[in-house]
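Next comes work21.cif, a file with mmCIF, C-alpha atoms.
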data_data
#
loop_
_atom_site.label_atom_id
_atom_site.label_comp_id
_atom_site.auth_asym_id
_atom_site.auth_seq_id
_atom_site.Cartn_x
_atom_site.Cartn_y
_atom_site.Cartn_z
CA MET A 201 132.00 128.68 113.48
CA LYS A 202 133.85 129.29 116.72
CA ALA A 203 135.86 126.75 118.67
CA MET A 204 133.93 125.25 121.59
CA LYS A 205 135.26 125.52 125.14
CA ILE A 206 134.46 122.74 127.61
CA GLY A 207 136.18 123.83 130.78
CA ASN A 208 139.87 124.08 129.92
CA LEU A 209 139.39 121.90 126.85
CA THR A 210 139.28 123.69 123.49
CA VAL A 211 137.48 121.90 120.66
CA PRO A 212 138.59 123.55 117.37
CA LEU A 213 135.60 122.19 115.44
CA PRO A 214 132.37 122.35 117.50
CA ILE A 215 131.19 118.95 116.33
CA ILE A 216 130.92 115.86 118.49
CA GLN A 217 130.59 112.63 116.55
CA GLY A 218 127.73 110.67 118.08
CA GLY A 219 128.52 107.49 119.97
CA MET A 220 126.71 104.77 118.01
CA GLY A 221 126.33 101.18 119.14
CA VAL A 222 126.55 98.33 118.97
CA CYS A 223 130.09 98.52 117.51
CA VAL A 224 129.23 101.22 114.96
CA SER A 225 131.52 103.96 116.24
CA LEU A 226 134.80 102.57 117.50
CA SER A 227 138.40 103.76 117.25
CA GLY A 228 138.42 104.06 113.45
CA LEU A 229 135.66 106.66 113.23
CA ALA A 230 136.47 108.37 116.52
CA SER A 231 140.13 108.95 115.65
CA ALA A 232 139.26 110.25 112.16
CA VAL A 233 136.85 112.86 113.56
CA ALA A 234 139.32 113.82 116.29
CA ASN A 235 141.98 114.36 113.63
CA GLU A 236 139.72 116.94 111.97
CA GLY A 237 139.35 118.97 115.17
CA GLY A 238 136.07 117.58 116.48
CA ILE A 239 135.44 115.15 119.32
CA GLY A 240 135.56 111.53 118.19
CA VAL A 241 133.42 109.24 120.32
CA ILE A 242 133.65 105.51 120.97
CA SER A 243 130.38 103.84 121.94
CA ALA A 244 130.90 101.55 124.93
CA VAL A 245 127.54 99.76 124.75
CA GLY A 246 127.98 96.09 123.84
CA ILE A 247 131.56 96.79 122.79
CA GLY A 248 132.72 93.43 124.15
CA MET A 249 130.76 91.61 121.44
CA THR A 250 133.86 92.03 119.27
CA GLU A 251 135.80 89.82 121.70
CA PRO A 252 136.03 86.00 121.43
CA ASN A 253 133.82 84.08 123.87
CA TYR A 254 132.10 87.29 124.94
CA LYS A 255 128.94 85.39 125.91
CA LYS A 256 130.82 83.59 128.67
CA HIS A 257 132.70 86.65 129.89
CA PHE A 258 130.58 89.59 128.78
CA ARG A 259 131.46 92.00 131.59
CA GLU A 260 135.19 91.38 131.26
CA SER A 261 134.98 91.44 127.45
CA ASN A 262 133.38 94.90 127.54
CA LYS A 263 136.20 96.27 129.69
CA ILE A 264 138.91 94.68 127.56
CA ALA A 265 137.37 95.90 124.29
CA LEU A 266 136.88 99.44 125.59
CA ILE A 267 140.50 99.65 126.72
CA LYS A 268 141.65 98.35 123.32
CA GLU A 269 139.54 100.83 121.36
CA ILE A 270 140.57 103.82 123.47
CA ARG A 271 144.24 102.94 123.07
CA LYS A 272 143.89 102.31 119.32
CA ALA A 273 142.21 105.70 118.94
CA ARG A 274 145.04 107.32 120.87
CA LEU A 275 147.59 105.75 118.53
CA LYS A 276 145.74 107.09 115.49
CA SER A 277 145.03 110.59 116.80
CA LYS A 278 146.33 113.29 119.09
CA GLY A 279 142.91 114.91 119.00
CA ILE A 280 140.03 114.79 121.47
CA ILE A 281 138.57 111.34 122.14
CA GLY A 282 135.38 110.63 124.07
CA VAL A 283 133.38 107.62 125.24
CA ASN A 284 129.60 107.33 125.22
CA ILE A 285 128.13 105.17 128.01
CA MET A 286 124.50 104.29 128.67
CA MET A 287 123.39 104.33 132.29
CA ALA A 288 120.90 101.63 131.31
CA VAL A 289 123.61 98.98 130.84
CA SER A 290 124.35 96.63 133.71
CA ASP A 291 128.08 97.38 133.71
CA TYR A 292 127.77 101.15 133.55
CA GLU A 293 130.04 101.63 136.58
CA ASP A 294 132.68 99.27 135.17
CA LEU A 295 132.78 101.08 131.83
CA LEU A 296 132.86 104.48 133.50
CA LYS A 297 135.79 103.40 135.64
CA VAL A 298 137.69 102.17 132.57
CA ALA A 299 137.11 105.47 130.78
CA PHE A 300 138.49 107.46 133.71
CA GLU A 301 141.42 105.11 134.25
CA GLU A 302 142.32 105.47 130.57
CA LYS A 303 142.19 109.25 131.06
CA ILE A 304 139.64 109.73 128.29
CA ASP A 305 139.08 113.38 127.35
CA VAL A 306 135.28 113.31 127.48
CA VAL A 307 132.60 111.01 128.90
CA ILE A 308 129.06 111.40 127.57
CA VAL A 309 126.39 109.65 129.63
CA GLY A 310 122.86 109.00 128.35
CA ALA A 311 119.87 106.68 128.87
CA GLY A 312 119.40 107.86 132.44
CA LEU A 313 119.90 110.84 134.71
CA PRO A 314 123.35 110.93 136.36
CA LEU A 315 122.19 112.67 139.53
CA LYS A 316 125.12 111.27 141.47
CA LYS A 317 128.64 112.47 140.73
CA PRO A 318 130.83 109.49 139.78
CA THR A 319 133.35 108.59 142.46
CA TYR A 320 136.01 108.49 139.74
CA LEU A 321 135.41 112.11 138.85
CA LEU A 322 138.07 113.54 141.12
CA GLU A 323 138.46 117.28 141.42
CA ASN A 324 141.82 117.21 139.64
CA THR A 325 140.77 114.96 136.75
CA ALA A 326 141.06 116.28 133.21
CA THR A 327 138.16 114.17 131.96
CA LYS A 328 135.04 116.17 131.11
CA PHE A 329 131.69 114.74 132.17
CA ILE A 330 128.69 115.49 129.94
CA PRO A 331 125.15 114.20 130.55
CA LYS A 332 122.89 113.67 127.52
CA VAL A 333 119.23 114.47 128.11
CA SER A 334 116.07 115.30 126.17
CA SER A 335 114.69 118.31 128.03
CA ALA A 336 115.67 121.49 129.83
CA ARG A 337 113.89 120.14 132.90
CA ALA A 338 116.13 117.07 133.03
CA ALA A 339 119.25 119.20 132.57
CA LYS A 340 118.19 121.52 135.37
CA LEU A 341 117.52 118.57 137.69
CA ILE A 342 121.02 117.16 137.17
CA PHE A 343 122.80 120.48 137.49
CA ARG A 344 120.82 121.51 140.57
CA ARG A 345 121.49 118.17 142.30
CA TRP A 346 125.23 118.36 141.59
CA SER A 347 125.36 121.98 142.72
CA GLU A 348 123.60 121.23 146.00
CA GLN A 349 125.46 118.00 146.75
CA TYR A 350 128.96 118.64 145.40
CA ASN A 351 129.25 122.40 144.82
CA ARG A 352 130.14 121.77 141.17
CA VAL A 353 128.29 120.94 137.97
CA PRO A 354 128.89 118.85 134.82
CA ASP A 355 131.17 120.40 132.22
CA ALA A 356 128.55 120.65 129.46
CA VAL A 357 125.20 119.16 128.50
CA VAL A 358 123.98 117.45 125.33
CA ILE A 359 120.36 118.03 124.38
CA GLU A 360 119.05 115.37 122.02
CA GLY A 361 115.78 116.07 120.23
CA PRO A 362 113.11 113.66 118.91
CA LEU A 363 114.58 113.41 115.39
CA ALA A 364 117.65 111.45 116.54
CA GLY A 365 118.50 107.90 115.57
CA GLY A 366 118.54 105.05 118.02
CA HIS A 367 116.90 105.14 121.42
CA LEU A 368 114.90 108.29 122.11
CA GLY A 369 114.04 110.02 125.35
CA PHE A 370 110.54 110.86 124.09
CA LYS A 371 107.19 109.15 123.86
CA LYS A 372 106.68 107.28 120.61
CA GLU A 373 103.97 109.67 119.44
CA ASP A 374 106.22 112.68 120.05
CA ALA A 375 109.04 111.08 118.08
CA ILE A 376 106.67 110.42 115.19
CA SER A 377 104.86 113.77 115.13
CA SER A 378 108.03 115.85 115.53
CA GLU A 379 106.01 118.71 117.02
CA ILE A 380 108.68 119.20 119.67
CA SER A 381 111.39 121.37 118.17
CA LEU A 382 115.04 120.95 119.07
CA SER A 383 115.59 124.71 118.88
CA SER A 384 112.95 125.37 121.56
CA ILE A 385 114.51 122.74 123.87
CA VAL A 386 117.94 124.28 123.29
CA LYS A 387 116.71 127.79 124.08
CA ASP A 388 115.02 126.58 127.28
CA THR A 389 118.16 124.70 128.33
CA VAL A 390 120.42 127.69 127.66
CA ASN A 391 118.17 129.74 129.95
CA GLU A 392 118.27 127.12 132.71
CA ILE A 393 122.03 126.59 132.48
CA GLY A 394 122.64 130.34 132.54
CA TYR A 395 121.98 130.37 136.29
CA PHE A 396 124.79 127.87 136.92
CA GLU A 397 127.17 129.72 134.59
CA GLN A 398 126.67 132.84 136.69
CA LYS A 399 126.92 130.99 140.00
CA TYR A 400 130.24 129.32 139.16
CA GLY A 401 131.63 131.95 136.79
CA ILE A 402 132.16 129.44 133.98
CA GLU A 403 130.88 128.76 130.49
CA ILE A 404 128.77 125.60 130.21
CA PRO A 405 128.14 124.76 126.56
CA VAL A 406 124.79 123.40 125.48
CA ILE A 407 125.40 120.93 122.66
CA ALA A 408 122.49 119.97 120.38
CA GLY A 409 121.76 116.71 118.58
CA GLY A 410 118.93 114.87 116.87
CA GLY A 411 118.24 115.61 113.20
CA ILE A 412 121.45 117.61 112.74
CA TYR A 413 122.76 116.36 109.41
CA THR A 414 123.79 119.31 107.25
CA GLY A 415 125.86 122.40 107.86
CA LYS A 416 122.64 124.39 107.54
CA ASP A 417 121.13 122.34 110.37
CA MET A 418 124.22 123.13 112.39
CA PHE A 419 124.06 126.85 111.64
CA ASP A 420 120.36 127.03 112.53
CA ILE A 421 120.71 125.28 115.89
CA MET A 422 123.80 127.26 116.86
CA SER A 423 121.84 130.41 116.06
CA ALA A 424 119.34 129.17 118.66
CA GLY A 425 122.05 129.16 121.32
CA ALA A 426 123.88 125.84 120.99
CA LYS A 427 127.66 126.09 121.27
CA GLY A 428 128.19 122.88 119.34
CA VAL A 429 126.41 119.92 117.77
CA ILE A 430 126.47 116.15 118.03
CA MET A 431 126.15 114.28 114.74
CA GLY A 432 125.94 110.53 114.32
CA THR A 433 124.03 109.60 111.17
CA ARG A 434 126.13 111.80 108.89
CA PHE A 435 129.31 109.93 109.84
CA VAL A 436 127.99 106.40 109.21
CA THR A 437 128.59 106.65 105.47
CA THR A 438 132.28 107.43 105.81
CA ASN A 439 135.22 105.23 104.90
CA GLU A 440 136.41 105.25 108.50
CA CYS A 441 133.13 104.22 110.16
CA ASP A 442 133.68 100.88 111.91
CA VAL A 443 130.73 99.00 110.38
CA SER A 444 130.44 96.72 107.37
CA GLU A 445 129.91 98.09 103.87
CA LYS A 446 126.42 96.55 103.91
CA PHE A 447 125.51 98.74 106.89
CA LYS A 448 126.66 101.86 105.06
CA GLN A 449 124.88 100.84 101.86
CA ASN A 450 121.71 100.32 103.90
CA TYR A 451 121.76 104.07 104.60
CA ILE A 452 122.48 104.98 101.01
CA SER A 453 119.68 102.81 99.61
CA CYS A 454 116.99 103.79 102.13
CA SER A 455 114.19 106.24 101.40
CA GLN A 456 112.59 108.72 103.78
CA GLU A 457 109.64 106.35 104.13
CA ASP A 458 111.93 103.52 105.23
CA ILE A 459 112.85 105.29 108.46
CA THR A 460 110.46 104.28 111.23
CA ILE A 461 109.99 103.91 114.99
CA ILE A 462 109.97 100.60 116.86
CA ASP A 463 109.51 99.62 120.49
CA SER A 464 112.83 98.52 121.93
CA PRO A 465 113.38 96.02 124.76
CA VAL A 466 115.19 98.88 126.48
CA GLY A 467 111.74 100.34 127.16
CA LEU A 468 112.20 103.28 124.81
CA PRO A 469 111.15 103.96 121.22
CA GLY A 470 113.95 103.57 118.70
CA ARG A 471 114.37 105.03 115.21
CA VAL A 472 115.50 102.45 112.65
CA ILE A 473 115.63 101.70 108.94
CA THR A 474 112.90 99.25 107.97
CA ASN A 475 113.83 95.80 106.70
CA ASP A 476 112.30 92.31 106.90
CA PHE A 477 113.51 91.84 110.49
CA VAL A 478 111.84 95.11 111.53
CA LYS A 479 108.62 94.21 109.74
CA GLU A 480 108.51 90.85 111.52
CA ILE A 481 108.91 92.33 115.00
CA GLN A 482 106.32 94.99 114.17
CA GLN A 483 103.95 92.15 113.30
CA GLY A 484 104.62 90.61 116.71
CA LYS A 485 106.91 87.77 115.68
CA GLN A 486 109.07 86.50 118.52
CA LYS A 487 112.79 86.20 117.89
CA PRO A 488 114.46 83.50 120.02
CA ILE A 489 116.68 84.88 122.78
CA ASN A 490 119.43 82.94 124.51
CA CYS A 491 120.65 85.44 127.08
CA SER A 492 123.74 84.50 129.03
CA TRP A 493 124.21 87.99 130.38
CA LYS A 494 121.68 90.65 131.30
CA CYS A 495 123.32 93.59 129.53
CA LEU A 496 120.44 95.99 130.25
CA LYS A 497 119.26 96.70 133.78
CA THR A 498 115.60 96.86 132.77
CA CYS A 499 115.51 93.97 130.30
CA ASP A 500 113.55 90.82 131.09
CA TYR A 501 114.78 88.63 128.27
CA LYS A 502 112.13 85.99 128.94
CA LYS A 503 109.48 88.56 128.07
CA SER A 504 111.40 90.45 125.39
CA GLN A 505 110.47 90.00 121.76
CA PHE A 506 114.07 90.12 120.57
CA CYS A 507 117.59 90.90 121.78
CA ILE A 508 118.41 94.48 120.88
CA ALA A 509 122.16 94.04 121.43
CA GLU A 510 122.41 91.05 119.09
CA ALA A 511 120.19 92.69 116.45
CA LEU A 512 122.38 95.80 116.37
CA PHE A 513 125.64 93.86 116.46
CA ASN A 514 124.50 91.58 113.64
CA ALA A 515 123.67 94.58 111.48
CA ALA A 516 127.03 96.21 112.22
CA GLN A 517 128.66 93.03 110.89
CA GLY A 518 126.45 93.11 107.79
CA ASP A 519 123.87 90.51 108.83
CA PHE A 520 120.52 92.18 108.17
CA THR A 521 118.63 88.91 108.17
CA ASN A 522 119.08 88.90 111.93
CA GLY A 523 119.26 92.60 112.69
CA PHE A 524 118.65 96.20 111.69
CA SER A 525 120.34 99.57 111.83
CA PHE A 526 119.46 102.56 113.93
CA ALA A 527 119.36 105.82 111.97
CA GLY A 528 118.36 109.46 112.33
CA THR A 529 115.49 111.00 110.39
CA LYS A 530 117.79 112.30 107.65
CA ALA A 531 119.69 109.08 106.92
CA TYR A 532 118.00 108.98 103.49
CA LEU A 533 120.09 112.00 102.44
CA ALA A 534 123.24 109.84 102.28
CA ASP A 535 124.21 109.16 98.67
CA LYS A 536 127.80 107.91 98.76
CA ILE A 537 130.60 106.76 101.01
CA ILE A 538 133.35 109.34 101.45
CA SER A 539 136.08 110.10 103.98
CA VAL A 540 135.54 111.86 107.29
CA LYS A 541 137.72 114.70 106.01
CA GLU A 542 135.47 115.19 102.97
CA THR A 543 132.34 114.90 105.11
CA ILE A 544 133.48 117.63 107.47
CA SER A 545 134.53 119.79 104.54
CA HIS A 546 131.00 119.48 103.12
CA ILE A 547 129.47 120.33 106.51
CA LYS A 548 131.64 123.44 106.79
CA ASN A 549 130.73 124.55 103.27
CA GLU A 550 127.02 124.04 103.98
CA TYR A 551 127.37 126.02 107.20
CA PHE A 552 129.11 128.96 105.57
CA GLN A 553 126.73 128.98 102.61
CA GLU A 554 123.79 129.37 104.99
CA GLN A 555 125.64 132.06 106.91
CA LEU A 556 126.40 133.92 103.67
CA ARG A 557 122.80 133.56 102.46
CA LEU A 558 121.42 135.19 105.61
CA GLU A 559 124.02 137.96 105.55
CA THR A 560 123.11 138.68 101.92
CA ILE A 561 119.41 138.90 102.84
CA ARG A 562 120.19 141.39 105.64
CA ILE A 563 122.14 143.58 103.23
#
Structure translated into C-alpha cells:
Amino acid sequence: MKAMKIGNLTVPLPIIQGGMGVCVSLSGLASAVANEGGIGVISAVGIGMTEPNYKKHFRESNKIALIKEIRKARLKSKGIIGVNIMMAVSDYEDLLKVAFEEKIDVVIVGAGLPLKKPTYLLENTATKFIPKVSSARAAKLIFRRWSEQYNRVPDAVVIEGPLAGGHLGFKKEDAISSEISLSSIVKDTVNEIGYFEQKYGIEIPVIAGGGIYTGKDMFDIMSAGAKGVIMGTRFVTTNECDVSEKFKQNYISCSQEDITIIDSPVGLPGRVITNDFVKEIQQGKQKPINCSWKCLKTCDYKKSQFCIAEALFNAAQGDFTNGFSFAGTKAYLADKIISVKETISHIKNEYFQEQLRLETIRI
C-alpha cells in the first residue's frame, strides 16, 4: 500500500474519505481521517443548515458554516483536509471561492463536468483540484478541454462506479443491475489519462470509489490501476462521524435488501436505506415543500415530490420520520460503531490479508 502522490502533495494512506451530505461528513470525521494519514473531506452541500436562521440567509449560512468547519478541522489535525462540492448546487462558485480562500488542500468537484478552470485556481496555488466522474469518457473530456484551453490539467481524477451511495452518475437500471464494473472503468480511465501524464511529464492518480468497503475491495481495485480509493459508507459507523447515533444505527440494523434506489429531485438516481419515508415517496406520496432558497440549479420545488436537502439533513439529525440516509451497496456489512483509527486498522489488515493470500497462491 504505497503513499499516493497528487502533484507535490504526498498522501501517506491512499484513502480519501468520501464527502457525504447533508452534514454527514464535517470537521469531526474529516480531521480524524486526516490524522490517520488519509484525506479527510468535508461535504459543502447544504452545510449551512447547521446555522441558525439558515432559511432566511441560506447562501451566507453555507459560506459561514464551511469556513467554520474547515477551521475546526485544521485545529484538530495537521493532516490533509479536502472539501467536496457539487456543481449542481446554486452557490457552487461561492463555496469554491471559500475553499480556495481558506487554502484547503484538496477540492473534489462532482455532480457536473468542470470543463472550465476555476478563476480561483491560480498557477501558484497549493490547492489540488480533482473532478469526480463516472466514466473514462467524461474524464477525457475534462482533461482535454483543460489541456487545450489552459495548457494544464486537473491534479487527479475520482472515478465513482454504480455501487456508490448517494447520487449516482448512471441510469437507474445500470445502478440496479451492476453490470458495469468499476475495475473496467478504472482501467479505461488509466489508459485515457496516460496520454496527459506523458504530455505534461507528471503522475495523475486515478482514484476509485463506489462499493469500496473492505481492504480486499481496495486491494482489488488498486490492482486494476487505481492509485487510491475513496470510501464513504465505511466511515459512517465511526465514533467521529458527524451524524446522530440513530443515523449510524440505521446502517448497523439494515439488511442487504433494505438498500434501494430512488429518484431524486436532483434528477439522478440515489442509493438509500429503505424506511417508511422512502416507501411513501416510492408510492408517489407528495411531501410538502416550503422552499425559501433554490439550493439546486435544476430543482423545480413546485414540481418536486420532496426536498432532498431537508430529508438528508433531518436524517443526519436523527429524524427518520422526515428523512432517510444515503448509503453504498455494502452498508449492511456494518456491525458496530468504532473509532476511525480502528476502522483504518481493519482496512489495512484486510488489504494485507488479501495481498498475502494471492502471494501464497502464486508460490
Neighbours of Asn208 of chain A within 10 Å (only C-alpha atoms; same-chain residues fewer than 4 positions away dropped), as a short mmCIF file (atom, residue, chain, number, x, y, z; two decimals) with C-alpha atoms, in the coordinates of the input?
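Writing the result to around-v7.cif gives the following:
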data_model
loop_
_atom_site.label_atom_id
_atom_site.label_comp_id
_atom_site.auth_asym_id
_atom_site.auth_seq_id
_atom_site.Cartn_x
_atom_site.Cartn_y
_atom_site.Cartn_z
CA ALA A 326 141.06 116.28 133.21
CA LYS A 328 135.04 116.17 131.11
CA ASP A 355 131.17 120.40 132.22
#
Nearest residue to Ser290 of chain A from the set A:Leu496, A:Met204, A:Ala534, A:Cys441 (distances using only C-alpha atoms): A:Leu496
Mind dumping a table of every segment 301-410 of chain A residue within 8 Å of segment 457-474 of chain A, with the nearest atom pair and its distance in Å to one decimal, using only C-alpha atoms, sorted by chain and rising number, as CSV?
residue,atom,partner,partner_atom,distance
A:Ala364,CA,A:Arg471,CA,7.3
A:Gly365,CA,A:Arg471,CA,5.0
A:Gly366,CA,A:Gly470,CA,4.9
A:His367,CA,A:Gly470,CA,4.3
A:Leu368,CA,A:Pro469,CA,5.8
A:Gly369,CA,A:Leu468,CA,7.0
A:Phe370,CA,A:Pro469,CA,7.5
A:Lys371,CA,A:Pro469,CA,7.0
A:Lys372,CA,A:Pro469,CA,5.6
A:Ala375,CA,A:Ile461,CA,7.9
A:Ile376,CA,A:Ile461,CA,7.3
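Every protein, DNA or RNA residue with an atom at most 10 Å from Phe552 of chain A, where only C-alpha atoms count and chain neighbours fewer than 3 positions away do not, is listed here: Met201, Gly415, Lys416, Phe419, His546, Ile547, Lys548, Asn549, Gln555, Leu556, Arg557 and Leu558 of chain A.
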Neighbour list for Ile481 of chain A as a VMD selection string, cut-off 12 Å, all atoms listed in the file, skip fewer than 2 positions in-chain: chain A and resid 461 to 465 474 to 479 483 to 488 504 to 508 511 522 to 524
Using the chain letters and numbering of this document, enumerate as a short mmCIF file (atom, residue, chain, number, x, y, z; two decimals) with C-alpha atoms, in the frame of the given file the residues selected by the PyMOL selection byres ((chain A and resi 268-270) around 9).
data_model
loop_
_atom_site.label_atom_id
_atom_site.label_comp_id
_atom_site.auth_asym_id
_atom_site.auth_seq_id
_atom_site.Cartn_x
_atom_site.Cartn_y
_atom_site.Cartn_z
CA LEU A 226 134.80 102.57 117.50
CA SER A 227 138.40 103.76 117.25
CA GLY A 228 138.42 104.06 113.45
CA ILE A 242 133.65 105.51 120.97
CA LYS A 263 136.20 96.27 129.69
CA ILE A 264 138.91 94.68 127.56
CA ALA A 265 137.37 95.90 124.29
CA LEU A 266 136.88 99.44 125.59
CA ILE A 267 140.50 99.65 126.72
CA ARG A 271 144.24 102.94 123.07
CA LYS A 272 143.89 102.31 119.32
CA ALA A 273 142.21 105.70 118.94
CA ARG A 274 145.04 107.32 120.87
CA LEU A 275 147.59 105.75 118.53
CA ILE A 281 138.57 111.34 122.14
CA GLY A 282 135.38 110.63 124.07
CA VAL A 283 133.38 107.62 125.24
CA ALA A 299 137.11 105.47 130.78
CA GLU A 302 142.32 105.47 130.57
CA ILE A 304 139.64 109.73 128.29
#
Result set of the PyMOL selection byres ((chain A and resi 385-400) around 12) on the coordinates above, as a PyMOL selection string: chain A and resi 207+333-348+351-362+379-384+401-410+420-429
For segment 320-349 of chain A, supply N, CA and C atoms and report the output as a tab-separated table (two decimals), in the frame of the given file.
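Final file, out_9.tsv:
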chain	number	residue	atom	x	y	z
A	320	TYR	N	134.75	108.38	140.49
A	320	TYR	CA	136.01	108.49	139.74
A	320	TYR	C	136.29	109.91	139.27
A	321	LEU	N	135.27	110.75	139.35
A	321	LEU	CA	135.41	112.11	138.85
A	321	LEU	C	136.06	112.97	139.94
A	322	LEU	N	137.34	112.81	140.10
A	322	LEU	CA	138.07	113.54	141.12
A	322	LEU	C	138.19	115.01	140.72
A	323	GLU	N	138.39	115.84	141.70
A	323	GLU	CA	138.46	117.28	141.42
A	323	GLU	C	139.60	117.65	140.48
A	324	ASN	N	140.66	116.85	140.46
A	324	ASN	CA	141.82	117.21	139.64
A	324	ASN	C	141.85	116.44	138.31
A	325	THR	N	140.76	115.71	138.00
A	325	THR	CA	140.77	114.96	136.75
A	325	THR	C	140.59	115.88	135.55
A	326	ALA	N	141.19	115.48	134.44
A	326	ALA	CA	141.06	116.28	133.21
A	326	ALA	C	139.85	115.84	132.39
A	327	THR	N	139.29	114.69	132.72
A	327	THR	CA	138.16	114.17	131.96
A	327	THR	C	136.92	115.04	132.16
A	328	LYS	N	136.27	115.36	131.05
A	328	LYS	CA	135.04	116.17	131.11
A	328	LYS	C	133.83	115.23	131.14
A	329	PHE	N	132.88	115.57	131.99
A	329	PHE	CA	131.69	114.74	132.17
A	329	PHE	C	130.48	115.48	131.61
A	330	ILE	N	129.80	114.84	130.64
A	330	ILE	CA	128.69	115.49	129.94
A	330	ILE	C	127.46	114.59	129.93
A	331	PRO	N	126.39	114.97	130.63
A	331	PRO	CA	125.15	114.20	130.55
A	331	PRO	C	124.42	114.50	129.24
A	332	LYS	N	123.71	113.49	128.73
A	332	LYS	CA	122.89	113.67	127.52
A	332	LYS	C	121.43	113.48	127.91
A	333	VAL	N	120.63	114.50	127.70
A	333	VAL	CA	119.23	114.47	128.11
A	333	VAL	C	118.34	114.97	126.98
A	334	SER	N	117.02	114.92	127.22
A	334	SER	CA	116.07	115.30	126.17
A	334	SER	C	115.21	116.50	126.52
A	335	SER	N	115.49	117.15	127.65
A	335	SER	CA	114.69	118.31	128.03
A	335	SER	C	115.48	119.24	128.93
A	336	ALA	N	115.06	120.50	128.94
A	336	ALA	CA	115.67	121.49	129.83
A	336	ALA	C	115.42	121.12	131.28
A	337	ARG	N	114.26	120.54	131.54
A	337	ARG	CA	113.89	120.14	132.90
A	337	ARG	C	114.87	119.09	133.45
A	338	ALA	N	115.20	118.11	132.61
A	338	ALA	CA	116.13	117.07	133.03
A	338	ALA	C	117.52	117.65	133.27
A	339	ALA	N	117.94	118.56	132.40
A	339	ALA	CA	119.25	119.20	132.57
A	339	ALA	C	119.29	119.97	133.89
A	340	LYS	N	118.25	120.73	134.14
A	340	LYS	CA	118.19	121.52	135.37
A	340	LYS	C	118.25	120.63	136.61
A	341	LEU	N	117.55	119.50	136.55
A	341	LEU	CA	117.52	118.57	137.69
A	341	LEU	C	118.92	118.05	138.00
A	342	ILE	N	119.66	117.66	136.98
A	342	ILE	CA	121.02	117.16	137.17
A	342	ILE	C	121.93	118.24	137.71
A	343	PHE	N	121.90	119.40	137.09
A	343	PHE	CA	122.80	120.48	137.49
A	343	PHE	C	122.48	120.98	138.90
A	344	ARG	N	121.20	121.07	139.23
A	344	ARG	CA	120.82	121.51	140.57
A	344	ARG	C	121.27	120.51	141.63
A	345	ARG	N	121.09	119.21	141.35
A	345	ARG	CA	121.49	118.17	142.30
A	345	ARG	C	123.00	118.20	142.53
A	346	TRP	N	123.77	118.30	141.46
A	346	TRP	CA	125.23	118.36	141.59
A	346	TRP	C	125.66	119.60	142.37
A	347	SER	N	125.01	120.73	142.05
A	347	SER	CA	125.36	121.98	142.72
A	347	SER	C	125.10	121.89	144.22
A	348	GLU	N	123.97	121.32	144.58
A	348	GLU	CA	123.60	121.23	146.00
A	348	GLU	C	124.45	120.21	146.74
A	349	GLN	N	124.75	119.09	146.09
A	349	GLN	CA	125.46	118.00	146.75
A	349	GLN	C	126.98	118.14	146.71
